[in-house]
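Visitor: Here it is, the structure, as structure tokens.
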Amino acid sequence: MTWYRRHFTIPEEEEGKRLVISFDGGGQINKVYVNGAYVGTAKGTFTDFSFDVTDYITCGDYDNVLAVQVDSTYHRDSLPPSNDDFHWMGGLHGDARMEITDPLYLDSVFYWTEKIGTETYQEGEPVLLKGRVQVANGYTDDYPVTVRTELKDADGRLAAWGGGSSADGRGSL
């Protein structure tokens, strides 16, 4: 078992905003605590993970404590690999970040392409770009939201655009 701790303060003017802590990875079972309260568990060594810690933080002149317990022991029945020839590293991997955002935010942004025409894609053929944006509203009031996505060419010129709206600031666009 390895423990990591970080003391930090959040300015009073950030009160009411959303706070998310993100990690690039940690192996293998990672338990996150803020100010002594259990926030959540993430499993897997090389998978990034995030937790919304808004409800656990005190803004202003307060010594907040982030603690992460990393269990790097082998978990044969719950995590891969079972018998692979691979050396697993313990501890946190990469960076850890805290993001402070408005309570109205983009929760998930996902884009993909679909081929047009032939069964297999041939270089130079057009494709259809599709996307889905999930909007989350942490406010108690509804807020109308419009999301516009722009696709630009290599020279920075607008090649295509699309968008959607939500009357209450919630849902998929």
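By convention in this document, the chains of the structure tokens carry letters A, B, ... by their order, each chain's residues are numbered from 1, and ligands are numbered from 1 in the order they are shown.
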Residues within 12 Å of Met1 (chain A), please, as an MDAnalysis selection string. Count only C-alpha atoms; anything in the same chain fewer than 3 positions from it doesn't count.

Guide: chainID A and resid 4 26:31 68:74 90:92

Visitor: For Gly164 (chain A), work out the shell of residues within 8 Å, counting only C-alpha atoms and skipping chain neighbours fewer than 2 positions away, then give it as a ChimeraX atom specification.

Guide: /A:146-148,162,166,173

Visitor: My list of candidates is A:Asp95, A:Leu129, A:Thr120, A:Lys17. Which is closest to Ala159 (chain A) when distances are computed with only C-alpha atoms?

Guide: A:Leu129

Visitor: Just give me the gap between CA of Val53 (chain A) and CA of Tyr33 (chain A) in Å, one decimal is fine.

Guide: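 A separation of 9.1 Å between them.
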
Visitor: Give me every strand (DSSP E) residue in chain A, going by DSSP on the backbone, as number ranges by chain.

Guide: A: 2-10, 18-23, 26-27, 29-34, 37-43, 49-52, 60-71, 91-92, 96-101, 104-115, 127-137, 145-152, 158-166, 171-172

Visitor: Give me a file of those residues, with C-alpha atoms, as a compact mmCIF listing (two decimals), in the first residue's frame.

Guide:
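Output saved as again14.txt:
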```txt
# COMPACT_ATOMS: atom_id res chain seq x y z
CA THR A 2 1.20 3.47 -0.85
CA TRP A 3 -0.36 6.72 0.33
CA TYR A 4 -0.09 10.12 -1.32
CA ARG A 5 -1.21 13.31 0.40
CA ARG A 6 -1.46 16.88 -0.79
CA HIS A 7 -2.55 19.90 1.25
CA PHE A 8 -4.14 22.78 -0.65
CA THR A 9 -6.45 25.77 -0.36
CA ILE A 10 -9.12 26.94 -2.78
CA ARG A 18 -17.36 22.60 -9.73
CA LEU A 19 -14.05 21.02 -8.69
CA VAL A 20 -12.74 17.84 -10.34
CA ILE A 21 -9.52 16.00 -9.55
CA SER A 22 -8.04 13.93 -12.40
CA PHE A 23 -5.18 11.43 -12.48
CA GLY A 26 -2.38 4.63 -10.74
CA GLY A 27 -1.84 0.98 -10.07
CA ILE A 29 -6.67 -0.07 -6.99
CA ASN A 30 -6.83 3.64 -6.18
CA LYS A 31 -8.99 5.00 -3.36
CA VAL A 32 -9.45 8.76 -3.19
CA TYR A 33 -10.26 10.71 -0.01
CA VAL A 34 -10.74 14.44 0.54
CA ALA A 37 -14.11 11.52 3.47
CA TYR A 38 -14.07 8.64 0.99
CA VAL A 39 -14.72 9.96 -2.56
CA GLY A 40 -14.39 6.85 -4.73
CA THR A 41 -12.32 3.98 -6.12
CA ALA A 42 -10.72 3.58 -9.55
CA LYS A 43 -9.32 0.24 -10.73
CA PHE A 49 -9.65 8.54 -13.68
CA SER A 50 -11.46 11.57 -12.29
CA PHE A 51 -13.72 12.41 -9.38
CA ASP A 52 -15.97 15.40 -8.75
CA GLY A 60 -11.37 30.06 1.73
CA ASP A 61 -8.71 29.88 4.41
CA TYR A 62 -9.00 26.12 4.97
CA ASP A 63 -6.39 23.37 4.79
CA ASN A 64 -7.98 20.81 2.43
CA VAL A 65 -6.26 17.42 2.24
CA LEU A 66 -6.34 15.10 -0.77
CA ALA A 67 -5.25 11.54 0.06
CA VAL A 68 -4.88 8.68 -2.41
CA GLN A 69 -4.32 5.10 -1.33
CA VAL A 70 -2.75 2.99 -4.09
CA ASP A 71 -2.91 -0.78 -3.70
CA GLY A 91 2.03 4.12 -7.51
CA LEU A 92 0.47 7.02 -9.35
CA ALA A 96 -2.69 14.85 -11.26
CA ARG A 97 -4.80 17.94 -11.96
CA MET A 98 -7.58 19.89 -10.32
CA GLU A 99 -10.02 21.62 -12.65
CA ILE A 100 -12.36 24.34 -11.47
CA THR A 101 -15.30 24.92 -13.79
CA LEU A 104 -22.85 24.26 -16.23
CA TYR A 105 -20.32 22.25 -18.25
CA LEU A 106 -19.68 19.78 -21.07
CA ASP A 107 -19.63 16.38 -19.40
CA SER A 108 -18.71 14.28 -22.39
CA VAL A 109 -17.62 15.15 -25.94
CA PHE A 110 -17.36 12.34 -28.49
CA TYR A 111 -16.87 12.51 -32.27
CA TRP A 112 -16.60 9.77 -34.88
CA THR A 113 -16.63 9.32 -38.64
CA GLU A 114 -18.83 7.13 -40.79
CA LYS A 115 -18.00 6.17 -44.34
CA VAL A 127 -16.78 10.72 -44.65
CA LEU A 128 -19.58 11.88 -42.42
CA LEU A 129 -18.44 13.43 -39.13
CA LYS A 130 -20.86 12.81 -36.26
CA GLY A 131 -20.72 13.91 -32.69
CA ARG A 132 -22.44 13.87 -29.35
CA VAL A 133 -21.97 16.42 -26.60
CA GLN A 134 -23.41 15.76 -23.15
CA VAL A 135 -24.25 18.95 -21.24
CA ALA A 136 -24.56 18.86 -17.44
CA ASN A 137 -26.22 21.55 -15.36
CA VAL A 145 -27.37 26.28 -23.91
CA THR A 146 -26.21 26.28 -27.52
CA VAL A 147 -23.16 24.25 -28.52
CA ARG A 148 -21.49 24.93 -31.86
CA THR A 149 -18.79 22.63 -33.22
CA GLU A 150 -16.45 23.82 -35.95
CA LEU A 151 -14.22 21.69 -38.16
CA LYS A 152 -11.28 23.59 -39.64
CA LEU A 158 -13.84 26.72 -41.48
CA ALA A 159 -14.63 23.51 -43.38
CA ALA A 160 -17.88 22.53 -41.66
CA TRP A 161 -19.90 23.23 -38.55
CA GLY A 162 -22.81 21.86 -36.61
CA GLY A 163 -24.50 22.35 -33.31
CA GLY A 164 -27.45 21.89 -31.05
CA SER A 165 -29.38 23.55 -28.25
CA SER A 166 -30.84 22.61 -24.90
CA GLY A 171 -28.86 16.29 -22.01
CA SER A 172 -27.23 15.19 -25.26
```

Visitor: What is the distance between CA of Tyr121 (chain A) and CA of Asp153 (chain A), in Å to one decimal?

Guide: 20.2 Å
